[in-house]
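The block underneath contains the structure these notes are about, expressed in structure tokens.
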2 protein chains.
Amino acid sequence: MLTIAVDAMGGDNAPECVVDGTIQTLREVNNRLEVLLIGQEEKVQPLLDRENIQDLNLRFMHAPEVITMNDVPAIAVKTKQDSSLVRGLMLCKEKKADGFVSAGNTGALMAASLFILGRIPGVLRPTIYAYFPRIGPGLTNVVDVGANVDCKPEHLVQFAEMLTIYQRDAAGMETPLTGLLNIGEEDNKGPDLLKQTYKLLQEADRKNKINFIGNIEGNDILSSKASIIVCDGLVGNTLLKFGESIPYFLGSIFKPALEKLVTSGQLDPKAAELTGNAFKAMFQPFDVEIFGGVPFLGVDGISIVGHGRPSARALKNMIFMAEHMIEKKVNQHIAEALAEI
Amino acid sequence: MLTIAVDAMGGDNAPECVVDGTIQTLREVNNRLEVLLIGQEEKVQPLLDRENIQDLNLRFMHAPEVITMNDVPAIAVKTKQDSSLVRGLMLCKEKKADGFVSAGNTGALMAASLFILGRIPGVLRPTIYAYFPRIGPGLTNVVDVGANVDCKPEHLVQFAEMLTIYQRDAAGMETPLTGLLNIGEEDNKGPDLLKQTYKLLQEADRKNKINFIGNIEGNDILSSKASIIVCDGLVGNTLLKFGESIPYFLGSIFKPALEKLVTSGQLDPKAAELTGNAFKAMFQPFDVEIFGGVPFLGVDGISIVGHGRPSARALKNMIFMAEHMIEKKVNQHIAEALAEI
């Protein structure tokens with residue numbers, strides 16, 4: 001049975017929603033997994049005591065310290081060795097857990113994962129991708145979204161290779177398609193970094209490590225042209241945060257407009273409610289909860305990074321993501337692929 | 001009286017909408033300006049013959065060649081010397097026109113502007129900005145949006161300085177605020193390029209050339225934190241195109257949802273029409289037509305770059321932009337500011 005260590009203290013709604021999500025998960029999967037919940041006893045135990053959980057594969061482990069969102073990652077990882085985050089990853093390192101899940105300080109989780117778990121042999125830089133909405137079925141991942149800036153061409157190519165393996169093995173996609181995010185479609189476009197990357201991506205395509213479709217532009221991100229969109233972490237991070245701000249921005253225009261139609265008597269409240277719901281539903285493809293979190297791809301272990309404000313559902317999906325990564329042997333396949341010439 | 005040269009052949013809807021926009025402009029401003037329309041006689045003259053324009057300050061000038069959207073900018077500028085685009089800029093160079101407006105091939109317009117008009121003394125690289133929507137009053141410009149990739153710190157700082165002058169002198173903003181687009185707010189965040197840029201922006205702030213508010217992130221773009229958002233053209237271009245694709249993307253989800261509510265009898269067609277209109281209106285802040293085009297900031301003359309699919313309204317606003325740049329002496333002020341130490 002797999003044991004997933006879960007950071008009870010990670011995220012704005014922790015530990016409540018982490019505890020809820022963990023219990024929901026174990027009930028839903030009929031104890032298929034074991035969860036090792038790590039956090040401050042005085043905060044977590046009362047939540048567990050409230051629940052009827054004797055039948056669940058749930059263990060609790062006390063960790064007196066907490067790495068918060070305000071902690072500086074590199075410092076926190078060194079000074080807070082008794083935090084849930086560091087302890088959880090140590091359990092993975094010691095093979096007492098098969099994977100670790102946290103919605104806490106992303107920078108600290110990345111730093112600690114790299115420091116404690118190390119890299120898969122051959123990996124230059126582990127990376128974080130994100131899910132973007134798309135028109136039609138399938139999925140779109142943008143990589144990197146902030147774990148790496150000042151990327152070199154060989155870094156970007158490896159991101160594409162690792163994500164190709166993930167999408168093929170874990171997400172069940174037959175042919176993941178890689179596009180290079182650039183300012184134009186022609187192969188001679190863009191900064192020197194991307195011109196060089198273009199050539200290396202072509203080479204990786206010839207070796208069947210990826211399927212490269214060429215440059216794509218910003219207006220292609222939401223289309224279904226590519227399932228893997230490669231860019232430096234500065235670009236990906238900016239896009240991700242920009243995209244996340246759009247539902248609120250548009251809602252702040254649409255909601256008052258709808259209210260005005262109701263108060264002026266042009267629209268009845270029931271119709272406004274229906275269209276308001278359709279409006280909200282429109283942003284479901286932007287909903288990060290569906291995916292919950294993403295693996296820190298390239299580290300020698302399973303470390304799932306969640307969004308800073310997780311829900312119980314998001315937490316559940318993060319645990320499933322860890323399970324999936326392990327069962328589908330994504331890390332082994334990455335190691336094998338990088339060992340090939 | 002100012003003479004604005006207008007590229008009749010520029011843009012997907014040219015020459016029709018360019019002719020319409022020009023005539024509308026001259027009627028609206030009571031011949032305050034003179035427009036010199038440049039294009040292929042066989043295409044433009046029939047459109048002019050249809051109109052009653054004897055009273056307008058409108059001259060036509062034949063240019064046998066056309067630079068299309070498919071032309072490679074650097075080549076087209078050299079080989080199509082008899083194009084409306086090259087001839088229009090030449091008229092500016094020869095002081096026979098005070099400014100040039102084109103919604104044609106942006107790359108060719110930038111290349112030709114730089115080649116024919118040259119740079120304002122002290123300008124390292126001319127730049128193109130874009131208007132982004134924002135919450136609340138004021139305006140948000142992102143610079144650069146594709147004219148410059150592989151930017152150095154001193155380029156980015158100069159973009160901020162030039163745009164500060166534009167916003168203060170031409171857009172009437174008392175205190176334009178500059179933010180540096182980065183992956184985090186702290187001053188030690190991001191790639192080396194941006195760490196160095198941060199320091200130079202602080203220095204420019206100390207010299208009162210700009211008002212620097214520090215790093216801002218992707219989710220701040222649509223807020224009202226900064227009126228000037230500085231980034232490399234790769235980032236800005238990607239954001240701009242991504243943003244432009246959002247109305248279509250969301251419409252492709254919302255419209256069918258609304259139709260479904262109508263066909264299932266839950267929503268009456270009148271209510272659907274009202275909310276559909278509110279939905280469309282929501283994207284008005286994304287409407288590039290309002291601004292029409294932007295000046296190619298830093299070239300030694302007035303060259304207004306329009307969107308590839310201009311409307312008559314957009315064309316009109318481009319002509320006004322040229323007039324505004326001239327009357328507010330933006331280029332002179334840029335030259336003066338860059339001459340200061």
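Identifiers in the structure tokens: chain A, B, ... in order shown; residue index from 1 per chain; ligand index from 1 in order shown.
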
Using only C-alpha atoms, which protein or nucleic acid residues come within 10 Å of Gly190 (chain A)? Drop anything in the same chain fewer than 3 positions from it, and give the result as a PDB file with C-alpha atoms, in the first residue's frame.
ATOM      1  CA  LEU A 181       6.006  30.084 -27.126  1.00  0.00           C
ATOM      2  CA  ASN A 182       7.439  32.895 -29.216  1.00  0.00           C
ATOM      3  CA  ILE A 183       6.556  36.236 -30.807  1.00  0.00           C
ATOM      4  CA  GLY A 184       6.006  34.751 -34.254  1.00  0.00           C
ATOM      5  CA  GLU A 185       5.543  31.442 -35.998  1.00  0.00           C
ATOM      6  CA  GLU A 186       8.573  31.532 -38.260  1.00  0.00           C
ATOM      7  CA  ASP A 187      11.629  29.608 -37.042  1.00  0.00           C
ATOM      8  CA  LEU A 193      17.449  31.881 -26.586  1.00  0.00           C
ATOM      9  CA  LEU A 194      14.381  30.749 -28.494  1.00  0.00           C
ATOM     10  CA  LYS A 195      16.113  30.497 -31.862  1.00  0.00           C
ATOM     11  CA  ASN A 215       6.630  28.179 -32.604  1.00  0.00           C
TER      12      ASN A 215
ATOM     13  CA  GLY B 146       7.148  42.881 -29.593  1.00  0.00           C
ATOM     14  CA  ASN B 148      12.306  44.507 -29.059  1.00  0.00           C
ATOM     15  CA  VAL B 149      13.438  41.146 -27.769  1.00  0.00           C
ATOM     16  CA  ASP B 150      16.748  40.406 -26.038  1.00  0.00           C
ATOM     17  CA  GLY B 233       8.985  42.320 -25.971  1.00  0.00           C
ATOM     18  CA  LEU B 234       8.710  38.544 -25.715  1.00  0.00           C
TER      19      LEU B 234
END

Item to check | Residue list (strand (DSSP E), DSSP) for region 107-180 of chain A, as a VMD selection string | outcome: chain A and resid 129 to 132 140 to 143 178 to 180

For C-alpha atoms, I'd like the residues from the last selection saved as an mmCIF file, in the first residue's frame.
data_model
loop_
_atom_site.group_PDB
_atom_site.id
_atom_site.type_symbol
_atom_site.label_atom_id
_atom_site.label_comp_id
_atom_site.auth_asym_id
_atom_site.auth_seq_id
_atom_site.Cartn_x
_atom_site.Cartn_y
_atom_site.Cartn_z
ATOM 1 C CA TYR A 129 4.100 23.287 -15.148
ATOM 2 C CA ALA A 130 0.532 24.587 -14.982
ATOM 3 C CA TYR A 131 -2.796 23.652 -16.537
ATOM 4 C CA PHE A 132 -4.297 26.190 -18.882
ATOM 5 C CA THR A 140 -2.744 22.164 -22.170
ATOM 6 C CA ASN A 141 0.266 22.498 -19.893
ATOM 7 C CA VAL A 142 2.553 25.500 -19.868
ATOM 8 C CA VAL A 143 6.085 24.822 -18.633
ATOM 9 C CA THR A 178 5.072 20.578 -27.965
ATOM 10 C CA GLY A 179 4.950 24.208 -29.089
ATOM 11 C CA LEU A 180 7.579 26.854 -28.348
#

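When only C-alpha atoms are used to measure the gap to chain B, the shortest distance among A:Ala147, A:Ile210, A:Leu177, A:Leu85 belongs to A:Ala147.
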
Item to check | Shell of 12 Å around Lys96 (chain B), only C-alpha atoms, local chain residues under 3 positions omitted, as a ChimeraX atom specification | outcome: /B:1-5,34-36,87-93,99-100

Mind dumping a table of every chain A residue within 9 Å of chain B, with the nearest atom pair and its distance in Å to one decimal, using only C-alpha atoms, sorted by chain and rising number, as CSV?
residue,atom,partner,partner_atom,distance
A:Arg134,CA,B:Phe249,CA,8.1
A:Ile135,CA,B:Phe249,CA,7.0
A:Gly146,CA,B:Ile183,CA,6.8
A:Asn148,CA,B:Pro191,CA,8.8
A:Val149,CA,B:Pro191,CA,5.4
A:Asp150,CA,B:Pro191,CA,5.3
A:Cys151,CA,B:Pro191,CA,8.9
A:Leu181,CA,B:Thr238,CA,7.8
A:Asn182,CA,B:Leu234,CA,6.8
A:Ile183,CA,B:Leu234,CA,6.0
A:Gly190,CA,B:Val149,CA,6.5
A:Pro191,CA,B:Asp150,CA,5.4
A:Asp192,CA,B:Asp150,CA,7.2
A:Leu193,CA,B:Asp150,CA,8.6
A:Glu217,CA,B:Thr238,CA,6.4
A:Gly218,CA,B:Thr238,CA,4.3
A:Asn219,CA,B:Phe242,CA,4.6
A:Asp220,CA,B:Phe242,CA,7.5
A:Ile221,CA,B:Phe242,CA,6.9
A:Leu222,CA,B:Phe249,CA,7.1
A:Ser223,CA,B:Phe249,CA,8.1
A:Gly233,CA,B:Ile183,CA,8.2
A:Leu234,CA,B:Ile183,CA,6.0
A:Val235,CA,B:Val235,CA,5.6
A:Asn237,CA,B:Ile183,CA,6.2
A:Thr238,CA,B:Gly218,CA,4.3
A:Leu239,CA,B:Gly218,CA,6.4
A:Leu240,CA,B:Gly218,CA,7.3
A:Lys241,CA,B:Gly218,CA,4.7
A:Phe242,CA,B:Gly218,CA,4.4
A:Gly243,CA,B:Asn219,CA,7.6
A:Glu244,CA,B:Asn219,CA,6.9
A:Ser245,CA,B:Asn219,CA,5.2
A:Ile246,CA,B:Leu222,CA,8.0
A:Phe249,CA,B:Ile135,CA,7.1
A:Leu250,CA,B:Met282,CA,6.6
A:Gly251,CA,B:Met282,CA,8.7
A:Ser252,CA,B:Ile135,CA,8.1
A:Ile253,CA,B:Met282,CA,5.9
A:Phe254,CA,B:Met282,CA,6.0
A:Ala257,CA,B:Ala278,CA,6.4
A:Leu258,CA,B:Thr275,CA,7.1
A:Leu261,CA,B:Leu274,CA,8.1
A:Gln266,CA,B:Ala271,CA,8.0
A:Leu267,CA,B:Ala271,CA,6.1
A:Asp268,CA,B:Ala271,CA,8.2
A:Lys270,CA,B:Leu267,CA,8.8
A:Ala271,CA,B:Leu267,CA,6.1
A:Ala272,CA,B:Thr275,CA,8.0
A:Leu274,CA,B:Leu267,CA,7.8
A:Thr275,CA,B:Leu258,CA,7.1
A:Ala278,CA,B:Ala257,CA,6.4
A:Phe279,CA,B:Phe254,CA,6.7
A:Ala281,CA,B:Phe254,CA,8.4
A:Met282,CA,B:Ile253,CA,5.9
A:Phe283,CA,B:Leu250,CA,8.0

Item to check | Which of region 27-253 of chain B fall in alpha helix (DSSP H), as JSON, numbers by chain | outcome: {"B": [27, 28, 41, 42, 43, 44, 45, 46, 47, 48, 49, 73, 74, 75, 76, 77, 78, 79, 84, 85, 86, 87, 88, 89, 90, 91, 92, 93, 106, 107, 108, 109, 110, 111, 112, 113, 114, 115, 116, 117, 153, 154, 155, 156, 157, 158, 159, 160, 161, 162, 163, 164, 165, 192, 193, 194, 195, 196, 197, 198, 199, 200, 201, 202, 203, 204, 205, 206, 233, 234, 235, 236, 237, 238, 239, 240, 241, 242, 243, 244, 245, 246, 247, 248, 249, 250, 251, 252, 253]}
